[in-house]
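Enquirer: Take a look at structure14.cif, mmCIF, C-alpha atoms:
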```
data_entry
loop_
_atom_site.label_atom_id
_atom_site.label_comp_id
_atom_site.auth_asym_id
_atom_site.auth_seq_id
_atom_site.Cartn_x
_atom_site.Cartn_y
_atom_site.Cartn_z
CA MET C 545 4.20 -13.18 20.54
CA ASN C 546 5.30 -10.23 18.42
CA ARG C 547 2.90 -8.51 16.08
CA ILE C 548 4.14 -8.91 12.51
CA ALA C 549 3.88 -5.98 10.10
CA LEU C 550 4.74 -6.07 6.40
CA VAL C 551 5.40 -2.78 4.55
CA THR C 552 5.76 -2.53 0.78
CA GLY C 553 7.92 0.13 -0.81
CA ALA C 554 9.87 0.24 2.42
CA THR C 555 13.05 1.85 1.10
CA GLY C 556 11.21 4.89 -0.25
CA ALA C 557 10.79 8.06 1.78
CA ILE C 558 7.38 7.31 3.27
CA GLY C 559 7.76 3.53 3.46
CA ARG C 560 11.09 3.80 5.27
CA ALA C 561 9.58 6.17 7.84
CA ILE C 562 6.56 3.89 8.30
CA ALA C 563 8.81 0.89 8.88
CA GLN C 564 10.92 2.72 11.45
CA GLN C 565 7.92 4.03 13.38
CA LEU C 566 6.44 0.54 13.47
CA ALA C 567 9.77 -0.84 14.70
CA GLU C 568 9.60 1.63 17.57
CA GLN C 569 6.41 -0.05 18.78
CA GLU C 570 6.70 -2.57 21.58
CA ALA C 571 6.72 -6.26 20.59
CA THR C 572 6.55 -5.57 16.86
CA GLU C 573 8.42 -7.37 14.11
CA VAL C 574 8.70 -5.40 10.89
CA VAL C 575 9.30 -6.87 7.46
CA LEU C 576 10.39 -4.50 4.71
CA ALA C 577 9.14 -5.59 1.29
CA CYS C 578 11.63 -4.15 -1.20
CA ARG C 579 12.87 -4.46 -4.77
CA ASN C 580 16.55 -3.66 -4.22
CA LYS C 581 18.61 -5.94 -1.98
CA GLU C 582 21.34 -3.41 -1.17
CA LYS C 583 18.86 -0.68 -0.25
CA ALA C 584 16.87 -3.17 1.80
CA GLN C 585 19.92 -4.30 3.76
CA GLN C 586 20.91 -0.72 4.45
CA ALA C 587 17.39 0.24 5.58
CA VAL C 588 17.15 -2.76 7.91
CA ALA C 589 20.52 -1.98 9.50
CA GLU C 590 19.63 1.68 9.99
CA ILE C 591 16.22 0.92 11.48
CA GLN C 592 17.64 -1.68 13.84
CA ARG C 593 20.29 0.79 14.96
CA ALA C 594 17.84 3.67 15.38
CA THR C 595 15.17 1.71 17.25
CA GLY C 596 17.13 -1.00 19.05
CA ASN C 597 14.65 -3.51 17.64
CA PRO C 598 16.46 -6.60 16.31
CA HIS C 599 13.23 -7.96 14.81
CA VAL C 600 13.49 -6.06 11.54
CA ARG C 601 14.16 -7.89 8.28
CA TYR C 602 13.42 -7.65 4.59
CA GLU C 603 11.87 -9.67 1.79
CA LEU C 604 12.53 -9.02 -1.88
CA VAL C 605 9.46 -8.56 -4.06
CA GLU C 606 8.39 -6.66 -7.16
CA VAL C 607 4.76 -5.86 -6.49
CA ALA C 608 4.15 -4.98 -10.16
CA HIS C 609 4.72 -8.64 -11.05
CA ARG C 610 2.06 -11.13 -10.01
CA ALA C 611 4.53 -14.02 -9.90
CA SER C 612 6.89 -12.13 -7.58
CA VAL C 613 4.06 -11.38 -5.16
CA GLN C 614 2.98 -15.01 -5.25
CA ALA C 615 6.54 -16.16 -4.57
CA LEU C 616 6.62 -13.97 -1.45
CA VAL C 617 3.27 -15.38 -0.32
CA ASP C 618 4.49 -18.93 -0.91
CA ARG C 619 7.62 -18.51 1.21
CA TRP C 620 5.90 -16.60 4.01
CA ARG C 621 5.76 -18.49 7.29
CA GLY C 622 3.80 -17.58 10.38
CA PRO C 623 1.24 -14.88 11.10
CA LEU C 624 0.70 -11.47 9.54
CA HIS C 625 -1.13 -8.88 11.61
CA VAL C 626 -0.55 -5.71 9.62
CA LEU C 627 -0.13 -5.24 5.86
CA ILE C 628 0.70 -1.73 4.67
CA ASN C 629 0.46 -1.30 0.91
CA ASN C 630 2.67 1.68 0.17
CA ALA C 631 4.77 0.88 -2.92
CA ALA C 632 4.11 3.26 -5.79
CA ALA C 633 5.61 4.49 -9.03
CA SER C 634 4.80 7.27 -11.47
CA PRO C 635 7.05 7.04 -14.54
CA ARG C 636 6.90 10.08 -16.78
CA GLN C 637 6.58 7.96 -19.90
CA ARG C 638 4.18 5.07 -20.36
CA GLN C 639 5.92 1.79 -19.58
CA GLU C 640 4.77 -1.80 -19.38
CA THR C 641 5.75 -4.69 -17.14
CA LEU C 642 7.09 -7.95 -18.53
CA GLU C 643 3.49 -9.15 -18.52
CA GLY C 644 2.48 -6.24 -20.74
CA ILE C 645 0.57 -4.29 -18.07
CA GLU C 646 0.94 -0.52 -17.83
CA LEU C 647 3.50 -0.05 -15.07
CA GLN C 648 1.78 2.53 -12.89
CA PHE C 649 -1.49 0.58 -12.84
CA ALA C 650 0.41 -2.65 -12.14
CA THR C 651 2.39 -1.14 -9.26
CA ASN C 652 -0.03 1.27 -7.61
CA VAL C 653 -3.25 -0.69 -8.07
CA LEU C 654 -2.69 -4.33 -8.92
CA GLY C 655 0.22 -4.54 -6.49
CA TYR C 656 -2.18 -3.66 -3.68
CA VAL C 657 -4.76 -6.13 -4.97
CA TRP C 658 -2.29 -8.98 -5.35
CA MET C 659 -0.80 -8.40 -1.89
CA ILE C 660 -4.21 -8.40 -0.21
CA LEU C 661 -5.44 -11.44 -2.12
CA GLY C 662 -2.21 -13.31 -1.58
CA PHE C 663 -2.00 -12.65 2.14
CA SER C 664 -5.71 -12.88 2.90
CA VAL C 665 -5.35 -16.35 4.41
CA SER C 666 -2.50 -15.27 6.69
CA LEU C 667 -4.40 -12.14 7.73
CA LYS C 668 -7.56 -14.10 8.50
CA GLN C 669 -5.62 -16.68 10.51
CA SER C 670 -3.90 -13.86 12.43
CA ALA C 671 -7.06 -11.85 13.14
CA PRO C 672 -7.62 -9.32 14.48
CA ALA C 673 -5.54 -7.99 11.60
CA ARG C 674 -5.37 -4.85 9.48
CA VAL C 675 -4.63 -3.68 5.96
CA ILE C 676 -3.68 -0.05 5.36
CA ASN C 677 -3.63 1.24 1.79
CA VAL C 678 -1.56 4.36 1.33
CA ALA C 679 -3.63 6.44 -1.09
CA SER C 680 -3.87 10.20 -1.64
CA TYR C 681 -6.22 13.15 -1.60
CA TRP C 682 -4.96 13.83 -5.14
CA ALA C 683 -7.30 11.30 -6.74
CA GLY C 684 -9.67 11.13 -9.69
CA ASP C 685 -9.74 10.56 -13.46
CA LEU C 686 -10.59 6.84 -13.22
CA ASP C 687 -11.66 5.37 -16.56
CA LEU C 688 -12.92 1.82 -16.14
CA ALA C 689 -12.81 1.36 -19.90
CA ASP C 690 -9.17 2.41 -20.15
CA LEU C 691 -7.34 1.50 -16.95
CA GLU C 692 -4.01 1.06 -18.74
CA PHE C 693 -4.06 4.18 -20.92
CA LYS C 694 -4.27 2.23 -24.15
CA ARG C 695 -6.80 4.69 -25.55
CA ARG C 696 -6.05 7.86 -23.61
CA ARG C 697 -2.82 9.77 -23.98
CA TYR C 698 -0.64 8.74 -21.07
CA ASP C 699 0.02 11.45 -18.52
CA ASN C 700 1.72 10.33 -15.33
CA GLY C 701 -0.25 12.76 -13.18
CA THR C 702 -3.56 11.52 -14.58
CA ALA C 703 -2.43 7.91 -14.19
CA TYR C 704 -1.37 8.58 -10.61
CA ARG C 705 -4.67 10.25 -9.74
CA GLN C 706 -6.50 7.28 -11.24
CA SER C 707 -4.43 4.84 -9.19
CA LYS C 708 -5.09 6.67 -5.94
CA GLN C 709 -8.82 6.80 -6.66
CA ALA C 710 -8.64 3.07 -7.31
CA ASN C 711 -6.84 2.49 -4.00
CA ARG C 712 -9.62 4.23 -2.14
CA MET C 713 -12.36 2.34 -4.00
CA LEU C 714 -10.71 -1.05 -3.60
CA THR C 715 -10.32 -0.37 0.12
CA VAL C 716 -14.12 -0.40 0.34
CA ALA C 717 -14.38 -3.57 -1.76
CA PHE C 718 -11.88 -5.52 0.33
CA ALA C 719 -13.23 -4.17 3.62
CA ALA C 720 -16.63 -5.66 2.89
CA ARG C 721 -15.13 -9.03 2.04
CA LEU C 722 -12.67 -9.27 4.94
CA GLU C 723 -14.67 -7.74 7.80
CA PRO C 724 -16.41 -11.04 8.65
CA TYR C 725 -12.99 -12.56 9.32
CA GLY C 726 -11.77 -9.85 11.71
CA VAL C 727 -9.60 -8.07 9.13
CA THR C 728 -10.06 -4.33 8.63
CA VAL C 729 -9.06 -2.41 5.50
CA ASN C 730 -8.57 1.35 5.54
CA ALA C 731 -6.95 3.94 3.27
CA CYS C 732 -5.15 7.17 4.03
CA HIS C 733 -3.33 10.16 2.60
CA PRO C 734 0.18 10.43 4.09
CA GLY C 735 0.84 14.07 3.27
CA ASP C 736 2.82 15.83 0.56
CA VAL C 737 6.21 14.26 1.18
CA ASN C 738 9.23 15.11 -0.95
CA SER C 739 10.16 11.85 -2.64
CA ARG C 740 11.24 10.41 -5.96
CA LEU C 741 7.59 9.79 -6.77
CA SER C 742 6.50 13.34 -6.00
CA ASN C 743 9.45 14.66 -8.00
CA ASP C 744 8.40 12.53 -10.99
CA LEU C 745 4.98 14.15 -10.69
CA GLY C 746 6.54 17.60 -10.72
CA PHE C 747 6.11 18.31 -7.00
CA HIS C 748 8.64 18.68 -4.24
CA GLY C 749 6.50 18.37 -1.11
CA GLN C 750 6.87 20.16 2.20
CA THR C 751 5.95 17.31 4.55
CA GLN C 752 8.76 15.42 6.25
CA PRO C 753 8.62 11.60 5.79
CA GLU C 754 8.31 11.15 9.56
CA VAL C 755 5.16 13.28 9.53
CA GLY C 756 3.82 11.53 6.44
CA ALA C 757 4.16 8.17 8.17
CA ARG C 758 2.04 9.15 11.16
CA THR C 759 -1.41 8.44 9.75
CA PRO C 760 -0.54 5.02 8.26
CA VAL C 761 1.18 4.01 11.51
CA TRP C 762 -1.73 5.37 13.55
CA LEU C 763 -4.11 3.15 11.57
CA ALA C 764 -1.73 0.22 11.99
CA THR C 765 -1.30 0.54 15.75
CA GLU C 766 -4.14 2.46 17.39
CA PRO C 767 -7.63 1.07 18.22
CA VAL C 768 -9.24 3.15 15.45
CA GLY C 769 -7.55 0.99 12.82
CA GLN C 770 -9.26 -2.14 14.13
CA ARG C 771 -12.56 -0.46 14.98
CA GLU C 772 -13.12 1.18 11.57
CA THR C 773 -13.02 -0.44 8.15
CA GLY C 774 -13.60 0.68 4.59
CA LYS C 775 -12.77 4.26 5.56
CA TYR C 776 -10.44 6.96 4.25
CA PHE C 777 -8.31 9.18 6.53
CA GLU C 778 -6.25 12.34 6.29
CA ASN C 779 -4.20 13.75 9.17
CA GLN C 780 -5.52 11.07 11.52
CA ARG C 781 -9.11 12.05 10.79
CA GLU C 782 -11.78 10.27 8.79
CA VAL C 783 -12.77 12.05 5.57
CA ARG C 784 -15.78 11.09 3.53
CA CYS C 785 -14.68 9.45 0.28
CA ARG C 786 -17.05 10.08 -2.62
CA PHE C 787 -15.25 7.47 -4.71
CA GLY C 788 -15.83 4.73 -2.17
CA ALA C 789 -19.49 5.69 -1.93
CA ASP C 790 -20.12 4.72 -5.57
CA THR C 791 -20.95 1.08 -4.92
CA ALA C 792 -21.50 0.13 -8.56
CA ALA C 793 -18.16 1.59 -9.66
CA VAL C 794 -16.37 0.00 -6.70
CA GLU C 795 -17.63 -3.44 -7.65
CA ALA C 796 -16.87 -2.90 -11.34
CA LEU C 797 -13.29 -1.92 -10.53
CA TYR C 798 -12.89 -4.85 -8.16
CA GLU C 799 -14.04 -7.29 -10.86
CA ALA C 800 -11.77 -5.62 -13.44
CA CYS C 801 -8.77 -6.08 -11.15
CA LEU C 802 -9.64 -9.70 -10.43
CA ALA C 803 -9.29 -10.36 -14.14
CA TYR C 804 -5.55 -9.76 -13.68
CA ALA C 805 -5.30 -12.23 -10.80
#
```
Take the structure from the file and write it as structure tokens.
Expert:
Amino acid sequence: MNRIALVTGATGAIGRAIAQQLAEQEATEVVLACRNKEKAQQAVAEIQRATGNPHVRYELVEVAHRASVQALVDRWRGPLHVLINNAAASPRQRQETLEGIELQFATNVLGYVWMILGFSVSLKQSAPARVINVASYWAGDLDLADLEFKRRRYDNGTAYRQSKQANRMLTVAFAARLEPYGVTVNACHPGDVNSRLSNDLGFHGQTQPEVGARTPVWLATEPVGQRETGKYFENQREVRCRFGADTAAVEALYEACLAYA
């Protein structure tokens, strides 16, 4: 039976490279979770052509919308062995989703939460299974009392840093809850890749997408990704995460996010 991997944000620079490298793995089926149908179709065709793997397909989902994530979960059939949360946004101006949630928090944080919660049953039933949260070393500025920048002046760099800190903290929270079921949860920094997101943040990045994909794919495919859980990695090496070590803050953030579920 093929291993099934689901990658969010799979038409972006890093997500596309992650999906292709996974498709190069033997006996692996890759599902690209995307917002745009045309881009998704093009990415699937290109990956199939580049890898010779016919088991590449897409699903349409908007991870910033709880109902869209739930619709994907509801129509999912069969196992899920690897979930890679990668979708991210960093709009320069504060925006809100249709549900009235600040867009960057909804996409970069709640999207990860909703995907893990929604697919937890499939992951448990498919165990051993893995979740990889694409985070960043550029993290910090979390304000538990103002997660949506209703009080603070919105700055997309600050909001992005907050979201990546949250990714790393929530990795620890979910790891503790899923470990008994044979599901590991780890986070990683993919490198400074030139992408639309990095451009919106005012950076251009020197890392090629193929290089940026290596650590997420390494965690998704190598024994370390099933052996370790609740950890944070850079350049295929574990790095101590001070954010994840703050147990009280981790649990407070986890509970705050559940309020949106």
Enquirer: List the neighbours of Val600 in chain C out to 12 Å using all atoms listed in the file; skip same-chain residues closer than 5 positions along the sequence, and give me the result as a PyMOL selection string.
Expert: chain C and resi 546-551+554+560+563-569+571-577+584-595
Enquirer: Tell me which of C:Ala803, C:Leu797, C:Ala631, C:Ala703 sits closest to Cys578 in chain C, counting all atoms listed in the file.
Expert: C:Ala631
Enquirer: Quick one: which residues end up in the PyMOL selection byres ((chain C and resi 604) around 10) for this structure, as a PyMOL selection string?
Expert: chain C and resi 552+576-581+584+602-603+605-607+612-613+615-616
Enquirer: Excluding Leu642 in chain C and residues on its chain fewer than 6 positions from it, collect all residues at most 12 Å away from it, counting only C-alpha atoms, and give them as a ChimeraX atom specification.
Expert: /C:606,608-612,650
Enquirer: Would you export the selected residues with C-alpha atoms as an mmCIF file, in the frame of the given file, please?
Expert:
```cif
data_model
loop_
_atom_site.group_PDB
_atom_site.id
_atom_site.type_symbol
_atom_site.label_atom_id
_atom_site.label_comp_id
_atom_site.auth_asym_id
_atom_site.auth_seq_id
_atom_site.Cartn_x
_atom_site.Cartn_y
_atom_site.Cartn_z
ATOM 1 C CA GLU C 606 8.390 -6.660 -7.160
ATOM 2 C CA ALA C 608 4.150 -4.980 -10.160
ATOM 3 C CA HIS C 609 4.720 -8.640 -11.050
ATOM 4 C CA ARG C 610 2.060 -11.130 -10.010
ATOM 5 C CA ALA C 611 4.530 -14.020 -9.900
ATOM 6 C CA SER C 612 6.890 -12.130 -7.580
ATOM 7 C CA ALA C 650 0.410 -2.650 -12.140
#
```
Enquirer: Rounded to one decimal place, report the CA of Gly553 in chain C-CA of Ala633 in chain C distance in Å.
Expert: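 That distance, rounded to one decimal, is 9.6 Å.
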Enquirer: Could you check the closest approach to Leu688 in chain C for each of C:Val727, C:Ser707, C:Leu661, C:Glu640 and tell me which residue wins, using all atoms listed in the file?
Expert: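 Looking only at the distances to Leu688 in chain C, the closest residue turns out to be C:Ser707.
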Enquirer: Quick one: distance from CA of Phe777 in chain C to CA of Gly662 in chain C in Å, one decimal?
Expert: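 About the pair CA of Phe777 in chain C and CA of Gly662 in chain C: they are 24.7 Å apart.
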Enquirer: Given the file above and the PyMOL selection byres ((chain C and resi 638) around 10), which residues are selected, and can you give them as a compact mmCIF listing (two decimals) with C-alpha atoms, in the coordinates of the input?
Expert:
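Here's the written file selection.txt:
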```txt
# COMPACT_ATOMS: atom_id res chain seq x y z
CA SER C 634 4.80 7.27 -11.47
CA PRO C 635 7.05 7.04 -14.54
CA ARG C 636 6.90 10.08 -16.78
CA GLN C 637 6.58 7.96 -19.90
CA GLN C 639 5.92 1.79 -19.58
CA GLU C 640 4.77 -1.80 -19.38
CA GLU C 646 0.94 -0.52 -17.83
CA LEU C 647 3.50 -0.05 -15.07
CA GLN C 648 1.78 2.53 -12.89
CA GLU C 692 -4.01 1.06 -18.74
CA PHE C 693 -4.06 4.18 -20.92
CA LYS C 694 -4.27 2.23 -24.15
CA ARG C 697 -2.82 9.77 -23.98
CA TYR C 698 -0.64 8.74 -21.07
CA ASP C 699 0.02 11.45 -18.52
CA ASN C 700 1.72 10.33 -15.33
CA ALA C 703 -2.43 7.91 -14.19
```
Enquirer: Quick one: distance from CA of Thr728 in chain C to CA of Tyr656 in chain C in Å, one decimal?
Expert: 14.6 Å
Enquirer: From the list C:Glu570, C:Glu799, C:Asp685, C:Glu778, which residue is nearest Asn597 in chain C when using all atoms listed in the file?
Expert: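 Among the listed residues, C:Glu570 lies closest to Asn597 in chain C.
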Enquirer: Counting all atoms listed in the file, figure out which residue out of C:Ile660, C:Ala683, C:Met545, C:Ile628 gets nearest to Thr765 in chain C.
Expert: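 Result for the nearest residue to Thr765 in chain C: C:Ile628.
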Enquirer: Of the residues C:Ala557, C:Val617, C:Ala757, C:Val794, which is the one nearest to Pro734 in chain C, using all atoms listed in the file?
Expert: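 Using all atoms listed in the file, Pro734 in chain C sits closest to C:Ala757.
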